$ cat protein.cif   # mmCIF, C-alpha atoms and all ligand atoms
data_structure
loop_
_atom_site.label_atom_id
_atom_site.label_comp_id
_atom_site.auth_asym_id
_atom_site.auth_seq_id
_atom_site.Cartn_x
_atom_site.Cartn_y
_atom_site.Cartn_z
CA MET A 897 328.96 188.47 147.85
CA LYS A 898 328.45 184.83 148.87
CA GLN A 899 331.72 182.97 149.40
CA ILE A 900 330.96 179.33 149.96
CA ALA A 901 333.03 176.18 150.27
CA ILE A 902 331.71 172.74 149.41
CA TYR A 903 333.38 169.88 151.33
CA GLY A 904 332.81 166.13 151.39
CA LYS A 905 334.44 162.72 151.21
CA GLY A 906 336.27 161.90 147.97
CA GLY A 907 333.94 160.41 145.34
CA ILE A 908 330.76 161.69 146.97
CA GLY A 909 329.95 164.03 144.06
CA LYS A 910 331.14 167.40 145.39
CA SER A 911 332.44 168.60 142.04
CA THR A 912 329.26 167.55 140.23
CA ILE A 913 327.18 169.47 142.75
CA SER A 914 329.53 172.48 142.80
CA ALA A 915 329.56 172.71 138.99
CA ASN A 916 325.79 172.31 138.71
CA ILE A 917 325.03 174.99 141.28
CA ALA A 918 327.59 177.27 139.59
CA ALA A 919 325.67 176.69 136.33
CA ALA A 920 322.37 177.38 138.11
CA PHE A 921 323.69 180.67 139.55
CA ALA A 922 325.10 181.71 136.17
CA GLU A 923 321.89 181.01 134.24
CA LYS A 924 320.14 183.36 136.70
CA GLY A 925 322.56 186.03 135.52
CA LEU A 926 324.74 186.02 138.64
CA ASN A 927 328.44 186.79 138.33
CA THR A 928 329.79 183.41 139.45
CA TRP A 929 333.27 182.03 140.06
CA TYR A 930 334.13 178.36 140.43
CA ILE A 931 337.44 177.70 142.21
CA GLY A 932 338.54 174.06 142.05
CA CYS A 933 340.98 173.18 144.86
CA ASP A 934 341.67 169.57 143.89
CA PRO A 935 345.31 168.75 143.02
CA LYS A 936 343.92 166.88 139.97
CA ALA A 937 342.57 170.21 138.69
CA ASP A 938 339.61 168.56 136.98
CA GLY A 939 336.55 169.79 138.91
CA SER A 940 335.65 172.47 136.37
CA MET A 941 335.59 170.14 133.35
CA THR A 942 331.79 169.89 133.14
CA LEU A 943 331.55 173.70 132.99
CA LEU A 944 334.08 173.72 130.16
CA GLY A 945 332.75 171.20 127.65
CA GLY A 946 334.99 168.45 129.09
CA ARG A 947 338.17 170.50 128.65
CA LYS A 948 340.81 170.36 131.39
CA ILE A 949 342.52 173.67 132.03
CA GLY A 950 345.98 174.37 133.43
CA THR A 951 346.22 175.54 137.01
CA PHE A 952 345.91 179.25 137.75
CA LEU A 953 349.61 179.63 138.57
CA GLU A 954 350.65 177.71 135.45
CA ARG A 955 348.43 179.97 133.33
CA LEU A 956 349.93 183.08 134.94
CA ARG A 957 353.46 181.82 134.33
CA SER A 958 352.91 180.73 130.73
CA SER A 959 350.95 183.78 129.58
CA THR A 960 352.98 186.34 127.65
CA ASP A 961 349.97 188.64 127.27
CA THR A 962 349.44 190.27 130.68
CA THR A 963 346.01 191.60 129.67
CA GLU A 964 344.72 188.08 129.05
CA PRO A 965 342.76 186.84 132.09
CA ALA A 966 344.11 183.77 133.86
CA TYR A 967 340.59 182.39 134.43
CA VAL A 968 338.65 180.49 131.78
CA LEU A 969 335.06 181.30 130.88
CA GLY A 970 332.72 178.33 131.12
CA PHE A 971 328.99 177.71 130.78
CA LYS A 972 327.00 181.00 130.81
CA GLY A 973 330.13 182.92 131.73
CA VAL A 974 331.14 181.07 134.93
CA LYS A 975 334.74 182.08 135.61
CA CYS A 976 336.69 178.90 136.23
CA ILE A 977 339.96 178.54 138.09
CA GLU A 978 341.86 175.45 139.18
CA THR A 979 344.29 176.11 142.02
CA GLY A 980 345.89 172.71 141.41
CA GLY A 981 348.36 171.22 143.83
CA PRO A 982 351.96 170.22 144.36
CA ILE A 983 353.71 167.34 142.65
CA ALA A 984 352.73 164.14 144.52
CA GLY A 985 354.74 163.82 147.71
CA VAL A 986 356.12 167.35 147.59
CA GLY A 987 354.72 170.41 149.33
CA CYS A 988 351.25 171.18 150.59
CA ALA A 989 348.10 171.73 148.50
CA GLY A 990 347.01 174.43 150.92
CA ARG A 991 349.98 176.58 149.97
CA GLY A 992 348.91 176.48 146.31
CA ILE A 993 345.34 177.41 147.26
CA ILE A 994 346.49 180.37 149.39
CA VAL A 995 348.88 181.75 146.77
CA ALA A 996 346.32 181.34 143.97
CA VAL A 997 343.47 182.95 145.89
CA GLN A 998 345.61 185.84 147.17
CA GLU A 999 346.54 186.52 143.56
CA LEU A 1000 342.88 186.26 142.49
CA TYR A 1001 341.90 188.85 145.12
CA LYS A 1002 344.61 191.18 143.90
CA ARG A 1003 343.74 190.83 140.23
CA TYR A 1004 340.06 190.08 139.83
CA PHE A 1005 337.91 189.80 142.93
CA ASN A 1006 335.74 192.86 143.44
CA ASP A 1007 332.27 193.91 144.55
CA ASP A 1008 330.71 192.92 141.21
CA ILE A 1009 330.99 189.25 142.10
CA ASP A 1010 327.81 187.57 143.35
CA VAL A 1011 329.02 184.07 144.26
CA ILE A 1012 332.41 182.37 144.71
CA ILE A 1013 332.30 178.59 145.08
CA TYR A 1014 335.34 176.74 146.45
CA ASP A 1015 335.16 173.03 145.60
CA VAL A 1016 337.41 171.40 148.19
CA PRO A 1017 338.31 167.71 148.54
CA GLY A 1018 339.34 165.90 151.70
CA ASP A 1019 337.82 163.39 154.05
CA VAL A 1020 338.98 165.61 156.85
CA VAL A 1021 339.67 169.32 156.86
CA CYS A 1022 343.48 169.01 156.96
CA GLY A 1023 345.56 172.15 157.40
CA GLY A 1024 346.05 172.42 153.65
CA PHE A 1025 342.52 171.93 152.49
CA ALA A 1026 341.19 174.13 155.29
CA ALA A 1027 343.05 177.05 153.67
CA PRO A 1028 339.93 178.65 152.12
CA LEU A 1029 338.38 178.74 155.61
CA ARG A 1030 341.43 179.57 157.69
CA GLU A 1031 342.35 182.44 155.42
CA LYS A 1032 338.68 183.58 155.45
CA PHE A 1033 338.34 183.24 151.69
CA ALA A 1034 335.10 181.35 152.35
CA ASN A 1035 332.84 181.92 155.31
CA GLU A 1036 330.01 179.49 154.72
CA VAL A 1037 330.41 175.74 154.27
CA TYR A 1038 328.17 173.06 152.79
CA ILE A 1039 329.00 169.39 153.31
CA VAL A 1040 328.00 166.84 150.69
CA THR A 1041 327.13 163.42 152.06
CA SER A 1042 324.96 160.39 151.41
CA GLY A 1043 323.17 158.17 153.92
CA GLU A 1044 326.07 155.69 153.98
CA TYR A 1045 328.11 155.25 157.15
CA LEU A 1046 331.50 156.23 155.70
CA SER A 1047 330.09 159.32 154.10
CA LEU A 1048 328.38 160.42 157.32
CA TYR A 1049 331.54 159.56 159.26
CA ALA A 1050 333.54 161.86 156.93
CA ALA A 1051 330.88 164.58 157.23
CA ASN A 1052 331.19 164.33 161.02
CA ASN A 1053 334.99 164.73 160.74
CA ILE A 1054 334.56 167.77 158.55
CA ALA A 1055 332.12 169.17 161.14
CA ARG A 1056 334.87 168.64 163.75
CA GLY A 1057 337.29 170.61 161.58
CA LEU A 1058 334.75 173.42 161.26
CA GLU A 1059 334.19 173.45 165.01
CA ASN A 1060 337.94 173.78 165.59
CA LEU A 1061 338.18 176.60 163.08
CA LYS A 1062 334.94 178.22 164.38
CA VAL A 1063 333.52 178.30 160.86
CA ASN A 1064 329.83 178.34 160.03
CA LEU A 1065 328.08 175.42 158.40
CA GLY A 1066 325.19 176.35 156.12
CA GLY A 1067 323.87 172.81 155.92
CA LEU A 1068 324.25 169.31 154.52
CA VAL A 1069 323.51 168.30 150.94
CA CYS A 1070 322.34 164.72 150.50
CA ASN A 1071 323.68 163.32 147.23
CA SER A 1072 321.53 160.22 147.19
CA ARG A 1073 322.90 156.71 146.81
CA ASP A 1074 319.38 155.27 146.91
CA ILE A 1075 319.70 154.03 150.47
CA LYS A 1076 316.53 153.13 152.37
CA ASN A 1077 315.27 156.10 154.45
CA GLU A 1078 318.21 158.16 153.16
CA GLU A 1079 316.52 161.55 153.31
CA ARG A 1080 315.41 160.92 156.89
CA ILE A 1081 318.90 159.68 157.90
CA VAL A 1082 320.73 162.72 156.52
CA ASP A 1083 318.10 165.10 157.85
CA LYS A 1084 318.39 163.58 161.32
CA PHE A 1085 322.20 163.53 161.23
CA ALA A 1086 322.22 167.20 160.20
CA GLU A 1087 320.02 167.96 163.21
CA MET A 1088 322.34 165.93 165.48
CA ILE A 1089 325.29 168.16 164.58
CA GLY A 1090 323.18 171.30 165.09
CA SER A 1091 322.52 172.05 161.43
CA GLY A 1092 319.98 171.08 158.76
CA MET A 1093 319.71 169.40 155.37
CA ILE A 1094 319.64 172.15 152.77
CA GLY A 1095 319.06 169.99 149.71
CA PHE A 1096 318.39 166.47 148.47
CA ILE A 1097 319.80 165.47 145.08
CA PRO A 1098 318.25 162.26 143.75
CA ARG A 1099 320.34 159.57 142.08
CA ASN A 1100 319.86 159.73 138.33
CA PRO A 1101 321.81 158.11 135.45
CA ILE A 1102 321.68 161.34 133.43
CA VAL A 1103 324.30 162.79 135.80
CA ARG A 1104 326.85 160.22 134.59
CA GLU A 1105 325.72 160.69 130.99
CA CYS A 1106 326.29 164.45 131.22
CA GLU A 1107 329.70 163.95 132.82
CA ASN A 1108 330.68 161.66 129.95
CA ARG A 1109 329.62 164.43 127.57
CA GLY A 1110 331.63 167.03 129.55
CA MET A 1111 328.69 169.09 130.72
CA THR A 1112 326.54 169.82 133.74
CA VAL A 1113 322.97 168.50 133.93
CA ILE A 1114 321.79 172.13 133.83
CA GLU A 1115 323.39 172.38 130.39
CA GLY A 1116 322.73 168.85 129.11
CA PHE A 1117 319.14 168.34 130.30
CA PRO A 1118 317.94 171.81 131.31
CA ASN A 1119 314.28 170.76 131.53
CA SER A 1120 314.84 167.62 133.62
CA THR A 1121 313.72 167.12 137.21
CA GLN A 1122 317.41 166.56 138.03
CA ALA A 1123 318.36 170.01 136.71
CA ASN A 1124 315.56 171.44 138.82
CA ALA A 1125 316.92 169.68 141.92
CA TYR A 1126 320.25 171.51 141.41
CA ARG A 1127 318.42 174.79 140.79
CA ARG A 1128 316.43 174.35 144.02
CA LEU A 1129 319.64 173.69 145.93
CA ALA A 1130 321.31 176.78 144.43
CA GLU A 1131 318.29 178.88 145.38
CA SER A 1132 318.25 177.52 148.96
CA ILE A 1133 321.97 178.30 149.34
CA LEU A 1134 321.45 181.79 147.99
CA LYS A 1135 318.69 182.52 150.49
CA ASN A 1136 320.22 180.67 153.43
CA ASP A 1137 321.02 182.69 156.49
CA THR A 1138 320.91 179.85 159.00
CA LEU A 1139 324.58 179.39 159.73
CA VAL A 1140 325.93 177.56 162.77
CA VAL A 1141 329.27 176.27 164.00
CA PRO A 1142 328.50 172.52 164.03
CA LYS A 1143 328.85 170.15 166.98
CA PRO A 1144 330.21 166.78 165.79
CA VAL A 1145 328.86 163.62 167.41
CA ASP A 1146 330.45 160.43 168.68
CA PRO A 1147 330.67 158.14 165.58
CA GLU A 1148 328.78 155.49 167.53
CA GLU A 1149 325.71 157.77 167.38
CA ILE A 1150 325.86 157.53 163.57
CA ARG A 1151 325.72 153.73 163.80
CA VAL A 1152 322.73 153.95 166.12
CA LEU A 1153 320.98 156.32 163.69
CA LEU A 1154 321.60 153.93 160.79
CA ARG A 1155 320.41 150.89 162.77
CA GLU A 1156 317.21 152.73 163.71
CA ASN A 1157 316.52 153.41 160.03
CA GLU A 1158 317.40 150.00 158.53
S1 LIG B 1201 348.12 170.03 155.24
FE1 LIG B 1201 346.87 168.67 153.97
S2 LIG B 1201 347.46 169.20 151.87
FE2 LIG B 1201 349.04 170.06 153.20
S3 LIG B 1201 350.62 168.46 153.27
FE3 LIG B 1201 349.24 168.14 155.02
S4 LIG B 1201 347.76 166.63 154.30
FE4 LIG B 1201 348.76 167.51 152.48
#
$ encode --input "protein.cif" --output "structure tokens"
Amino acid sequence: MKQIAIYGKGGIGKSTISANIAAAFAEKGLNTWYIGCDPKADGSMTLLGGRKIGTFLERLRSSTDTTEPAYVLGFKGVKCIETGGPIAGVGCAGRGIIVAVQELYKRYFNDDIDVIIYDVPGDVVCGGFAAPLREKFANEVYIVTSGEYLSLYAANNIARGLENLKVNLGGLVCNSRDIKNEERIVDKFAEMIGSGMIGFIPRNPIVRECENRGMTVIEGFPNSTQANAYRRLAESILKNDTLVVPKPVDPEEIRVLLRENE
């Protein structure tokens, strides 16, 4: 069973990538779970026809039928869960993630599962959002970034969190913003922190179009080059066995890298 966590700066496209690779795994016939860890509980919407589901704990509490599963089936049978979060200003999101996932292990997780994807927000791996890693729910991390400074800076911070937790990084995913020399920049940065770039996702307006329609690109435009880019990424993640605890760099080195590639 692959248990992966996708991290990245807010707004970088983590949920889009997580949902599209979940769709790619599922269309291959793999038993796939998508666990959204965002307090907004909206990461799974494109797997669910644009529908927003209640959080896992809310669904458990409100269900009178104990045989009814608390997950929701999405595209090609992806099992979707939203761990949700606390009311703003109260409590810690990590607590919700831990309780939800412990319950999931007790009720549903078994050897029949092929892939579990944790879609985790956070510019830095704070104690709460590091829960999937600290509790060993996920043991392989992918960081989504672009070639922009702030995105690389956030990726470097996440790498620092992983180093502290001694967790393996499987690689960086470049979600392109159409920056000059972007592929080279992200590839080089990945090398600087001791890892590699595992996938490059081009910028394409059909991504937004599909989101507006409440679907992944794999569902909306299955024959597009964009859908194939997500499929290639899913395949690379599936086969990846190059896992390293990253070594973050001094942020000044990121500026130097960007200046060299202007
Ligand atoms: S650990 Fe993270 S999620 Fe929990 S309260 Fe602190 S900042 Fe919020």
$ residues_near_ligand --input "protein.cif" --ligand "ligand LIG 1201 (chain B)" --cutoff "12 Å" --atoms "only C-alpha atoms and all ligand atoms" --output "MDAnalysis selection string"
chainID A and resid 933:935 980:994 1016:1027 1030
$ residues_around --input "protein.cif" --residues "range 1101-1116 of chain A" --least-positions-apart "4" --cutoff "12 Å" --atoms "only C-alpha atoms" --output "PyMOL selection string"
chain A and resi 909+911-924+938-948+970-972+1071-1073+1097+1120-1128+1130
$ atom_distance --input "protein.cif" --atom1 "CA of Asn1006 in chain A" --atom2 "CA of Val1140 in chain A"
26.5 Å
$ closest_residue --input "protein.cif" --among "A:Val1152, A:Leu1029, A:Val997, A:Met897" --to "Val1063 in chain A" --atoms "all atoms listed in the file"
A:Leu1029
$ atom_distance --input "protein.cif" --atom1 "CA of Glu1036 in chain A" --atom2 "CA of Ala901 in chain A"
6.3 Å
$ residues_around --input "protein.cif" --residues "range 1039-1054 of chain A" --least-positions-apart "5" --cutoff "8 Å" --atoms "only C-alpha atoms" --output "JSON, numbers by chain"
{"A": [902, 903, 904, 905, 908, 909, 910, 1019, 1020, 1021, 1065, 1067, 1068, 1069, 1070, 1071, 1072, 1073, 1075, 1078, 1079, 1081, 1082, 1085, 1089, 1144, 1145, 1147, 1150, 1151, 1154]}
$ closest_residue --input "protein.cif" --among "A:Gly1066, A:Gly950, A:Gly1095, A:Pro1118" --to "Leu1139 in chain A" --atoms "only C-alpha atoms"
A:Gly1066
$ residues_near_point --input "protein.cif" --point "(313.7, 149.2, 156.5)" --cutoff "9 Å" --atoms "all atoms listed in the file" --output "PDB file with C-alpha atoms, in the frame of the given file"
ATOM      1  CA  LYS A1076     316.530 153.130 152.370  1.00  0.00           C
ATOM      2  CA  ASN A1077     315.270 156.100 154.450  1.00  0.00           C
ATOM      3  CA  GLU A1156     317.210 152.730 163.710  1.00  0.00           C
ATOM      4  CA  ASN A1157     316.520 153.410 160.030  1.00  0.00           C
ATOM      5  CA  GLU A1158     317.400 150.000 158.530  1.00  0.00           C
TER       6      GLU A1158
END
$ decode --input "protein.cif" --residues "range 998-1010 of chain A" --atoms "all heavy atoms" --output "mmCIF file, in the first residue's frame"
data_model
loop_
_atom_site.group_PDB
_atom_site.id
_atom_site.type_symbol
_atom_site.label_atom_id
_atom_site.label_comp_id
_atom_site.auth_asym_id
_atom_site.auth_seq_id
_atom_site.Cartn_x
_atom_site.Cartn_y
_atom_site.Cartn_z
ATOM 1 N N GLN A 998 -7.433 7.789 12.705
ATOM 2 C CA GLN A 998 -7.452 6.622 13.614
ATOM 3 C C GLN A 998 -8.750 5.832 13.413
ATOM 4 O O GLN A 998 -8.763 4.613 13.351
ATOM 5 C CB GLN A 998 -7.335 7.067 15.069
ATOM 6 C CG GLN A 998 -5.889 7.351 15.457
ATOM 7 C CD GLN A 998 -5.769 8.021 16.814
ATOM 8 O OE1 GLN A 998 -6.756 8.523 17.363
ATOM 9 N NE2 GLN A 998 -4.564 8.046 17.358
ATOM 10 N N GLU A 999 -9.839 6.587 13.301
ATOM 11 C CA GLU A 999 -11.153 5.965 13.098
ATOM 12 C C GLU A 999 -11.209 5.245 11.742
ATOM 13 O O GLU A 999 -11.746 4.141 11.636
ATOM 14 C CB GLU A 999 -12.192 7.100 13.164
ATOM 15 C CG GLU A 999 -13.499 6.857 13.863
ATOM 16 C CD GLU A 999 -13.502 5.905 15.031
ATOM 17 O OE1 GLU A 999 -12.829 6.142 16.065
ATOM 18 O OE2 GLU A 999 -14.208 4.903 14.899
ATOM 19 N N LEU A 1000 -10.608 5.866 10.724
ATOM 20 C CA LEU A 1000 -10.579 5.241 9.391
ATOM 21 C C LEU A 1000 -9.815 3.919 9.432
ATOM 22 O O LEU A 1000 -10.232 2.931 8.828
ATOM 23 C CB LEU A 1000 -9.908 6.185 8.381
ATOM 24 C CG LEU A 1000 -10.782 7.331 7.880
ATOM 25 C CD1 LEU A 1000 -9.944 8.382 7.169
ATOM 26 C CD2 LEU A 1000 -11.843 6.801 6.923
ATOM 27 N N TYR A 1001 -8.688 3.909 10.160
ATOM 28 C CA TYR A 1001 -7.908 2.666 10.275
ATOM 29 C C TYR A 1001 -8.745 1.580 10.942
ATOM 30 O O TYR A 1001 -8.756 0.436 10.513
ATOM 31 C CB TYR A 1001 -6.607 2.906 11.063
ATOM 32 C CG TYR A 1001 -5.457 3.266 10.147
ATOM 33 C CD1 TYR A 1001 -5.150 4.585 9.874
ATOM 34 C CD2 TYR A 1001 -4.687 2.276 9.538
ATOM 35 C CE1 TYR A 1001 -4.113 4.928 9.012
ATOM 36 C CE2 TYR A 1001 -3.647 2.602 8.672
ATOM 37 C CZ TYR A 1001 -3.365 3.928 8.415
ATOM 38 O OH TYR A 1001 -2.355 4.246 7.561
ATOM 39 N N LYS A 1002 -9.450 1.988 11.985
ATOM 40 C CA LYS A 1002 -10.254 1.006 12.722
ATOM 41 C C LYS A 1002 -11.365 0.433 11.843
ATOM 42 O O LYS A 1002 -11.641 -0.748 11.837
ATOM 43 C CB LYS A 1002 -10.901 1.708 13.934
ATOM 44 C CG LYS A 1002 -10.369 1.161 15.258
ATOM 45 C CD LYS A 1002 -11.192 1.665 16.415
ATOM 46 C CE LYS A 1002 -10.639 2.968 16.973
ATOM 47 N NZ LYS A 1002 -11.563 3.695 17.818
ATOM 48 N N ARG A 1003 -12.005 1.302 11.070
ATOM 49 C CA ARG A 1003 -13.205 0.896 10.345
ATOM 50 C C ARG A 1003 -12.952 0.345 8.949
ATOM 51 O O ARG A 1003 -13.591 -0.607 8.535
ATOM 52 C CB ARG A 1003 -14.150 2.106 10.181
ATOM 53 C CG ARG A 1003 -14.847 2.447 11.445
ATOM 54 C CD ARG A 1003 -15.515 3.788 11.329
ATOM 55 N NE ARG A 1003 -15.965 4.196 12.635
ATOM 56 C CZ ARG A 1003 -17.221 4.124 13.038
ATOM 57 N NH1 ARG A 1003 -18.150 3.707 12.232
ATOM 58 N NH2 ARG A 1003 -17.533 4.496 14.257
ATOM 59 N N TYR A 1004 -12.049 1.002 8.210
ATOM 60 C CA TYR A 1004 -11.996 0.684 6.777
ATOM 61 C C TYR A 1004 -10.632 0.290 6.219
ATOM 62 O O TYR A 1004 -10.579 -0.401 5.216
ATOM 63 C CB TYR A 1004 -12.462 1.889 5.940
ATOM 64 C CG TYR A 1004 -13.789 2.430 6.336
ATOM 65 C CD1 TYR A 1004 -13.897 3.709 6.870
ATOM 66 C CD2 TYR A 1004 -14.955 1.682 6.170
ATOM 67 C CE1 TYR A 1004 -15.118 4.232 7.236
ATOM 68 C CE2 TYR A 1004 -16.179 2.189 6.535
ATOM 69 C CZ TYR A 1004 -16.259 3.467 7.068
ATOM 70 O OH TYR A 1004 -17.464 3.972 7.424
ATOM 71 N N PHE A 1005 -9.554 0.827 6.780
ATOM 72 C CA PHE A 1005 -8.270 0.618 6.110
ATOM 73 C C PHE A 1005 -7.823 -0.830 6.282
ATOM 74 O O PHE A 1005 -7.775 -1.350 7.393
ATOM 75 C CB PHE A 1005 -7.203 1.575 6.657
ATOM 76 C CG PHE A 1005 -7.377 3.003 6.195
ATOM 77 C CD1 PHE A 1005 -6.515 3.999 6.618
ATOM 78 C CD2 PHE A 1005 -8.399 3.355 5.319
ATOM 79 C CE1 PHE A 1005 -6.673 5.312 6.195
ATOM 80 C CE2 PHE A 1005 -8.570 4.661 4.891
ATOM 81 C CZ PHE A 1005 -7.704 5.640 5.327
ATOM 82 N N ASN A 1006 -7.504 -1.462 5.159
ATOM 83 C CA ASN A 1006 -7.049 -2.845 5.199
ATOM 84 C C ASN A 1006 -6.083 -3.101 4.044
ATOM 85 O O ASN A 1006 -5.765 -2.178 3.283
ATOM 86 C CB ASN A 1006 -8.245 -3.803 5.118
ATOM 87 C CG ASN A 1006 -9.079 -3.511 3.891
ATOM 88 O OD1 ASN A 1006 -8.547 -3.259 2.815
ATOM 89 N ND2 ASN A 1006 -10.396 -3.506 4.036
ATOM 90 N N ASP A 1007 -5.660 -4.329 3.899
ATOM 91 C CA ASP A 1007 -4.642 -4.651 2.894
ATOM 92 C C ASP A 1007 -5.130 -4.534 1.452
ATOM 93 O O ASP A 1007 -4.336 -4.599 0.521
ATOM 94 C CB ASP A 1007 -4.107 -6.077 3.121
ATOM 95 C CG ASP A 1007 -3.341 -6.167 4.431
ATOM 96 O OD1 ASP A 1007 -2.962 -5.104 4.954
ATOM 97 O OD2 ASP A 1007 -3.137 -7.295 4.919
ATOM 98 N N ASP A 1008 -6.451 -4.392 1.268
ATOM 99 C CA ASP A 1008 -6.968 -4.296 -0.112
ATOM 100 C C ASP A 1008 -6.712 -2.919 -0.728
ATOM 101 O O ASP A 1008 -6.941 -2.712 -1.908
ATOM 102 C CB ASP A 1008 -8.490 -4.527 -0.136
ATOM 103 C CG ASP A 1008 -8.827 -5.940 0.286
ATOM 104 O OD1 ASP A 1008 -7.914 -6.782 0.250
ATOM 105 O OD2 ASP A 1008 -9.984 -6.172 0.677
ATOM 106 N N ILE A 1009 -6.290 -1.976 0.105
ATOM 107 C CA ILE A 1009 -6.107 -0.615 -0.416
ATOM 108 C C ILE A 1009 -4.778 -0.525 -1.163
ATOM 109 O O ILE A 1009 -3.756 -1.039 -0.693
ATOM 110 C CB ILE A 1009 -6.135 0.415 0.736
ATOM 111 C CG1 ILE A 1009 -7.510 0.373 1.407
ATOM 112 C CG2 ILE A 1009 -5.832 1.815 0.231
ATOM 113 C CD1 ILE A 1009 -7.621 1.269 2.612
ATOM 114 N N ASP A 1010 -4.805 0.124 -2.340
ATOM 115 C CA ASP A 1010 -3.564 0.302 -3.100
ATOM 116 C C ASP A 1010 -2.894 1.638 -2.783
ATOM 117 O O ASP A 1010 -1.689 1.693 -2.585
ATOM 118 C CB ASP A 1010 -3.863 0.227 -4.603
ATOM 119 C CG ASP A 1010 -4.386 -1.141 -4.999
ATOM 120 O OD1 ASP A 1010 -3.685 -2.123 -4.730
ATOM 121 O OD2 ASP A 1010 -5.491 -1.227 -5.561
#
